[in-house]
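Just run.csv here, CSV, C-alpha atoms:
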```
chain,number,residue,atom,x,y,z
A,805,GLN,CA,-21.6,-51.2,-47.1
A,806,ALA,CA,-23.9,-50.2,-44.2
A,807,LEU,CA,-23.2,-53.5,-42.6
A,808,LEU,CA,-19.4,-53.0,-43.0
A,809,LEU,CA,-19.5,-49.5,-41.6
A,810,PHE,CA,-21.7,-50.2,-38.6
A,811,PRO,CA,-19.1,-52.1,-36.5
A,812,LEU,CA,-16.5,-49.3,-37.3
A,813,ILE,CA,-18.9,-46.7,-36.0
A,814,LEU,CA,-19.4,-48.6,-32.9
A,815,VAL,CA,-15.7,-49.0,-32.3
A,816,ALA,CA,-15.2,-45.3,-32.9
A,817,ASP,CA,-17.9,-44.4,-30.5
A,818,SER,CA,-16.5,-46.7,-27.8
A,819,ASP,CA,-13.1,-45.2,-28.3
A,820,SER,CA,-14.5,-41.8,-27.8
A,821,ILE,CA,-16.3,-42.9,-24.7
A,822,ARG,CA,-13.1,-44.4,-23.3
A,823,ARG,CA,-11.1,-41.3,-24.2
A,824,SER,CA,-13.7,-39.1,-22.5
A,825,GLY,CA,-13.5,-41.3,-19.4
A,826,LEU,CA,-9.7,-41.0,-19.3
A,827,VAL,CA,-9.9,-37.2,-19.6
A,828,ALA,CA,-12.4,-37.0,-16.8
A,829,MET,CA,-10.2,-39.3,-14.7
A,830,PHE,CA,-7.1,-37.2,-15.2
A,831,SER,CA,-9.1,-34.0,-14.5
A,832,ALA,CA,-10.4,-35.5,-11.3
A,833,ASN,CA,-6.9,-36.6,-10.2
A,834,GLU,CA,-5.6,-33.1,-10.9
A,835,ASN,CA,-8.3,-31.5,-8.9
A,836,LEU,CA,-7.7,-33.9,-6.0
A,837,ALA,CA,-4.0,-33.2,-6.0
A,838,LEU,CA,-4.7,-29.4,-6.1
A,839,ARG,CA,-7.1,-29.7,-3.1
A,840,GLN,CA,-4.4,-31.7,-1.2
A,841,HIS,CA,-1.8,-29.0,-1.9
A,842,LYS,CA,-4.3,-26.3,-0.9
A,843,ARG,CA,-5.0,-28.0,2.4
A,844,ARG,CA,-1.3,-28.3,3.0
A,845,VAL,CA,-0.6,-24.6,2.4
A,846,ILE,CA,-3.6,-23.6,4.6
A,847,GLU,CA,-2.1,-25.6,7.4
A,848,TYR,CA,1.2,-23.8,7.0
A,849,VAL,CA,-0.7,-20.5,7.3
A,850,GLU,CA,-2.8,-21.5,10.2
A,851,ASP,CA,0.3,-22.6,12.1
A,852,SER,CA,1.4,-19.0,12.1
A,853,ILE,CA,-2.0,-17.7,13.5
A,854,PRO,CA,-2.7,-17.7,17.3
A,855,GLU,CA,-5.3,-20.4,18.3
A,856,ASP,CA,-7.6,-17.8,19.9
A,857,ALA,CA,-7.7,-15.9,16.6
A,858,LEU,CA,-8.7,-19.0,14.7
A,859,ASP,CA,-11.3,-19.9,17.4
A,860,MET,CA,-12.9,-16.4,16.9
A,861,GLY,CA,-13.5,-17.1,13.3
A,862,THR,CA,-10.4,-16.2,11.4
A,863,THR,CA,-10.4,-18.1,8.1
A,864,VAL,CA,-7.6,-18.8,5.6
A,865,MET,CA,-8.2,-19.1,1.8
A,866,VAL,CA,-5.6,-20.3,-0.6
A,867,MET,CA,-6.0,-20.3,-4.4
A,868,GLN,CA,-3.8,-20.9,-7.4
A,869,VAL,CA,-4.2,-18.3,-10.1
A,870,SER,CA,-2.8,-17.7,-13.5
A,871,CYS,CA,-1.3,-14.4,-14.6
A,872,LYS,CA,-0.8,-13.3,-18.2
A,873,ALA,CA,0.4,-9.8,-17.5
A,874,PRO,CA,3.9,-8.9,-18.6
A,875,GLY,CA,6.5,-10.0,-16.0
A,876,CYS,CA,4.1,-12.3,-14.2
A,877,VAL,CA,4.9,-15.9,-13.4
A,878,PRO,CA,2.4,-18.2,-15.2
A,879,LEU,CA,1.0,-19.6,-11.9
A,880,GLU,CA,1.1,-18.1,-8.5
A,881,THR,CA,-0.4,-18.9,-5.1
A,882,VAL,CA,-2.6,-16.3,-3.5
A,883,ILE,CA,-3.2,-16.3,0.3
A,884,CYS,CA,-6.0,-14.5,2.0
A,885,ILE,CA,-6.5,-14.4,5.7
A,886,VAL,CA,-10.0,-13.1,6.6
A,887,PHE,CA,-10.5,-11.8,10.1
A,888,PRO,CA,-13.9,-11.6,11.8
A,889,LYS,CA,-15.6,-8.3,12.7
A,890,LEU,CA,-15.7,-8.3,16.5
A,891,GLY,CA,-16.7,-4.6,17.1
A,892,THR,CA,-13.5,-4.0,19.1
A,893,THR,CA,-10.3,-2.2,18.4
A,894,GLU,CA,-8.1,-5.0,19.8
A,895,ASP,CA,-5.8,-6.7,17.3
A,896,LEU,CA,-6.3,-10.4,17.1
A,897,ILE,CA,-2.7,-10.4,15.8
A,898,PRO,CA,-0.7,-7.7,17.5
A,899,GLY,CA,0.5,-5.1,15.1
A,900,LEU,CA,-1.6,-6.2,12.2
A,901,PRO,CA,-4.3,-3.6,11.5
A,902,GLU,CA,-6.5,-5.9,9.4
A,903,SER,CA,-7.0,-8.2,12.4
A,904,SER,CA,-8.9,-5.5,14.4
A,905,THR,CA,-11.2,-4.2,11.7
A,906,GLY,CA,-12.5,-7.4,10.1
A,907,GLY,CA,-10.2,-6.9,7.2
A,908,THR,CA,-8.3,-9.3,4.9
A,909,TYR,CA,-4.6,-9.8,4.9
A,910,LYS,CA,-3.4,-10.7,1.4
A,911,THR,CA,-0.1,-12.0,0.2
A,912,LYS,CA,1.1,-14.3,-2.5
A,913,VAL,CA,3.9,-16.8,-3.4
A,914,LEU,CA,5.2,-16.6,-6.9
A,915,LEU,CA,5.0,-20.4,-7.3
A,916,PRO,CA,2.3,-23.0,-8.2
A,917,LEU,CA,0.5,-24.5,-5.2
A,918,ALA,CA,2.3,-27.8,-5.7
A,919,GLN,CA,5.7,-26.2,-5.2
A,920,VAL,CA,5.0,-24.0,-2.2
A,921,THR,CA,6.9,-24.9,0.9
A,922,LYS,CA,6.4,-23.8,4.5
A,923,ASP,CA,9.5,-21.5,4.1
A,924,ASP,CA,7.8,-19.9,1.1
A,925,VAL,CA,4.7,-19.2,3.2
A,926,LEU,CA,6.7,-17.7,6.1
A,927,ASP,CA,8.7,-15.5,3.6
A,928,ALA,CA,5.3,-14.2,2.3
A,929,LEU,CA,3.8,-13.5,5.8
A,930,SER,CA,4.3,-10.3,7.8
A,931,PRO,CA,6.5,-10.6,10.9
A,932,CYS,CA,3.3,-10.0,12.9
A,933,PHE,CA,2.5,-13.7,12.2
A,934,LYS,CA,4.4,-16.4,14.1
A,935,GLY,CA,7.5,-17.1,12.1
A,936,GLY,CA,6.6,-14.5,9.4
A,937,ARG,CA,9.7,-13.2,7.6
A,938,ARG,CA,8.3,-10.8,4.9
A,939,SER,CA,10.3,-7.6,4.7
A,940,THR,CA,11.0,-4.8,2.3
A,941,GLU,CA,14.6,-6.0,1.9
A,942,LYS,CA,13.5,-9.5,0.9
A,943,LEU,CA,11.0,-8.0,-1.7
A,944,TYR,CA,13.7,-5.8,-3.2
A,945,LEU,CA,16.2,-8.7,-3.3
A,946,GLY,CA,13.6,-10.9,-5.0
A,947,ALA,CA,13.0,-8.2,-7.7
A,948,ARG,CA,16.7,-7.8,-8.2
A,949,ASP,CA,17.3,-11.5,-8.6
A,950,VAL,CA,14.5,-11.8,-11.1
A,951,MET,CA,15.9,-9.0,-13.2
A,952,LEU,CA,19.5,-10.3,-13.1
A,953,ALA,CA,18.4,-13.8,-14.0
A,954,GLN,CA,16.5,-12.4,-17.0
A,955,ILE,CA,19.7,-10.7,-18.2
A,956,ASP,CA,21.7,-13.9,-18.0
A,957,GLN,CA,19.0,-15.9,-19.7
A,958,ILE,CA,18.5,-13.5,-22.6
A,959,MET,CA,22.2,-12.6,-23.2
A,960,GLY,CA,23.8,-15.9,-22.2
A,961,GLU,CA,26.6,-16.5,-19.8
A,962,ASN,CA,29.3,-16.1,-22.4
A,963,ASP,CA,28.2,-12.7,-23.6
A,964,LEU,CA,29.8,-10.4,-21.0
A,965,GLU,CA,29.6,-7.3,-23.2
A,966,GLY,CA,25.9,-8.0,-24.0
A,967,ARG,CA,25.1,-8.3,-20.3
A,968,LYS,CA,26.8,-5.1,-19.5
A,969,LEU,CA,24.9,-3.2,-22.3
A,970,MET,CA,21.6,-4.6,-21.1
A,971,ALA,CA,22.3,-3.7,-17.5
A,972,LEU,CA,23.2,-0.1,-18.6
A,973,TYR,CA,20.0,0.1,-20.7
A,974,LEU,CA,17.9,-1.1,-17.7
A,975,LYS,CA,19.6,1.3,-15.4
A,976,ASN,CA,18.6,4.2,-17.7
A,977,CYS,CA,15.0,2.8,-17.9
A,978,LEU,CA,14.8,2.7,-14.1
A,979,ASN,CA,16.0,6.3,-14.0
A,980,GLU,CA,13.3,7.3,-16.5
A,981,TYR,CA,10.7,5.3,-14.5
A,982,ILE,CA,11.6,7.4,-11.4
A,983,GLN,CA,11.4,10.6,-13.5
A,984,GLN,CA,8.0,9.6,-14.8
A,985,GLU,CA,6.7,9.3,-11.2
A,986,CYS,CA,7.0,5.5,-11.3
A,987,VAL,CA,4.4,5.2,-14.1
A,988,ALA,CA,5.4,2.5,-16.5
A,989,PRO,CA,5.0,3.0,-20.3
A,990,GLU,CA,2.8,0.8,-22.5
A,991,TYR,CA,4.1,-2.7,-22.7
A,992,GLY,CA,6.9,-2.9,-25.3
A,993,GLU,CA,6.9,0.9,-25.8
A,994,PRO,CA,9.5,3.5,-24.8
A,995,PHE,CA,8.9,6.0,-22.1
A,996,PRO,CA,7.2,9.1,-23.4
A,997,VAL,CA,9.5,12.1,-24.0
A,998,PRO,CA,8.8,14.9,-21.6
A,999,ALA,CA,7.6,18.2,-23.1
A,1000,SER,CA,10.5,20.0,-21.6
A,1001,ARG,CA,12.9,17.7,-23.4
A,1002,ASN,CA,11.1,18.2,-26.7
A,1003,ALA,CA,11.3,22.0,-26.3
A,1004,ALA,CA,15.1,21.8,-25.6
A,1005,ALA,CA,15.8,19.6,-28.6
A,1006,PRO,CA,17.7,21.2,-31.5
A,1007,SER,CA,15.9,22.0,-34.7
A,1008,SER,CA,16.2,19.4,-37.4
A,1009,GLU,CA,17.2,22.2,-39.8
A,1010,THR,CA,20.4,22.9,-38.0
A,1011,SER,CA,21.5,19.5,-36.8
A,1012,PRO,CA,21.0,15.9,-37.8
A,1013,THR,CA,18.4,13.8,-36.1
A,1014,ILE,CA,19.0,10.3,-34.9
A,1015,VAL,CA,15.8,8.2,-35.1
A,1016,ALA,CA,15.6,5.4,-32.5
A,1017,THR,CA,12.9,3.0,-31.3
A,1018,GLY,CA,13.5,3.7,-27.7
A,1019,ASN,CA,14.8,6.4,-25.3
A,1020,VAL,CA,18.3,5.1,-25.1
A,1021,VAL,CA,20.6,4.3,-28.0
A,1022,ILE,CA,23.4,1.9,-27.2
A,1023,ARG,CA,26.1,1.1,-29.7
A,1024,ARG,CA,28.3,-1.9,-29.3
```
What is this file in structure tokens?
Amino acid sequence: QALLLFPLILVADSDSIRRSGLVAMFSANENLALRQHKRRVIEYVEDSIPEDALDMGTTVMVMQVSCKAPGCVPLETVICIVFPKLGTTEDLIPGLPESSTGGTYKTKVLLPLAQVTKDDVLDALSPCFKGGRRSTEKLYLGARDVMLAQIDQIMGENDLEGRKLMALYLKNCLNEYIQQECVAPEYGEPFPVPASRNAAAPSSETSPTIVATGNVVIRR
């Protein structure tokens, strides 16, 4: 029996070795591709920085990070532009405070490194950079588009009534968010009811109470 099992053990071990080699090879290829995309994005950023600022020691760092927080995209690209401390008050990039204090300008693209284009980089950079197009309006439009896309995905294109109800619910949630000084509730939980609203609520002895899981009750 030992003689019969011995060749099988050798085969199993050799298969394990080959599989380990394949895993290592795939991992190395993935790392190589990631480094190539990182260099590509760094070049996009450096193209927007004046040559003299780069010559003085301005460096660009790019990394792909994962985010598991609610509402985050699974993978995003973080861009950090680190400026040197020169001991002067002159901006290496006019209008950008970080460039005169040895600070770091940070921004991000809500895409994996492999999908980031030059347009994405320019949209993420302040107009102080050459070609930079980041603006408050673009940020607001991006947040709006994400929210509306979520409504369509959850309720479906054919459920017009459902989309309207969800939009009304979110509208009320945004109003409560403002009333709560822009402090979000715990994930998956309703906004806390203000003490003033509790004090004004009628007694359960004189009127019926509607129990709901959130702050807004919507009936279809």
Please provide as an MDAnalysis selection string all residues within 8 Å of stretch 927-939 of chain A, with the sequence filter that same-chain residues fewer than 5 positions apart are discarded (counting all atoms listed in the file).
chainID A and resid 851:854 897:900 911:913
Any chance you could export the current selection's C-alpha atoms as a PDB file, in the frame of the given file?
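Generated file (selection.pdb):
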```
ATOM      1  CA  ASP A 851       0.300 -22.600  12.100  1.00  0.00           C
ATOM      2  CA  SER A 852       1.400 -19.000  12.100  1.00  0.00           C
ATOM      3  CA  ILE A 853      -2.000 -17.700  13.500  1.00  0.00           C
ATOM      4  CA  PRO A 854      -2.700 -17.700  17.300  1.00  0.00           C
ATOM      5  CA  ILE A 897      -2.700 -10.400  15.800  1.00  0.00           C
ATOM      6  CA  PRO A 898      -0.700  -7.700  17.500  1.00  0.00           C
ATOM      7  CA  GLY A 899       0.500  -5.100  15.100  1.00  0.00           C
ATOM      8  CA  LEU A 900      -1.600  -6.200  12.200  1.00  0.00           C
ATOM      9  CA  THR A 911      -0.100 -12.000   0.200  1.00  0.00           C
ATOM     10  CA  LYS A 912       1.100 -14.300  -2.500  1.00  0.00           C
ATOM     11  CA  VAL A 913       3.900 -16.800  -3.400  1.00  0.00           C
TER      12      VAL A 913
END
```
What separation in Å, quoted to one decimal, exists between atom CA of A:Lys889 and atom CA of A:Thr905?
6.1 Å
Between atom CA of A:Met867 and atom CA of A:Glu880, what is the spacing in Å?
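These two atoms are separated by 8.5 Å.
Reported to one decimal place, the separation of atom CA of A:Glu902 from atom CA of A:Leu890 is 11.9 Å.
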Would you list the contacts of A:Cys871 as a PyMOL selection string, taking every protein, DNA or RNA residue within 12 Å and counting all atoms listed in the file, but skipping same-chain residues closer than 6 positions in sequence?
chain A and resi 877-882+914-916
Counting all atoms listed in the file, what is within 8 Å of A:Ser903, bar same-chain residues fewer than 5 positions away, as a PyMOL selection string?
chain A and resi 887-888+895-897+908
I need the residues from that last selection saved to file as a JSON list (two decimals), in the coordinates of the input (with C-alpha atoms), if you can.
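See out-v2.json below for the written result:
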```
[["chain", "number", "residue", "atom", "x", "y", "z"],
["A", 887, "PHE", "CA", -10.50, -11.80, 10.10],
["A", 888, "PRO", "CA", -13.90, -11.60, 11.80],
["A", 895, "ASP", "CA", -5.80, -6.70, 17.30],
["A", 896, "LEU", "CA", -6.30, -10.40, 17.10],
["A", 897, "ILE", "CA", -2.70, -10.40, 15.80],
["A", 908, "THR", "CA", -8.30, -9.30, 4.90]]
```
Give as a ChimeraX atom specification each residue that has an atom at most 12 Å from (24.8, -9.8, -24.6) in the file, counting only C-alpha atoms.
/A:954-973,1024
Can you tell me which residues surround A:Lys910 at a distance of at most 8 Å, considering all atoms listed in the file, apart from same-chain residues fewer than 4 positions away, and format the answer as a list in words?
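Neighbouring residues, sequence-local ones excluded: Val882, Ile883, Cys884 and Ile885 of chain A.
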With distances taken over all atoms listed in the file, which residue among A:Leu978, A:Met951, A:Leu917, A:Val925 lies nearest A:Ala837?
A:Leu917
Between A:Ile982, A:Ala918, A:Leu836, A:Met860, which has the minimum distance to A:Gly906 (counting all atoms listed in the file)?
A:Met860
Given all atoms listed in the file as the basis, pick out the residue of A:Gln983, A:Thr921, A:Ser904, A:Asn976 nearest to A:Thr862.
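Counting all atoms listed in the file, the residue closest to A:Thr862 is A:Ser904.
Comparing A:Arg844, A:Leu974, A:Ala857, A:Leu943 by their smallest distance to A:Glu894, the closest is A:Ala857 (using all atoms listed in the file).
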Considering all atoms listed in the file, state which residue in the set A:Gly891, A:Pro994, A:Leu838, A:Asp856 is at the smallest distance from A:Val869.
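Checking each candidate against A:Val869, we get A:Leu838 as the closest.
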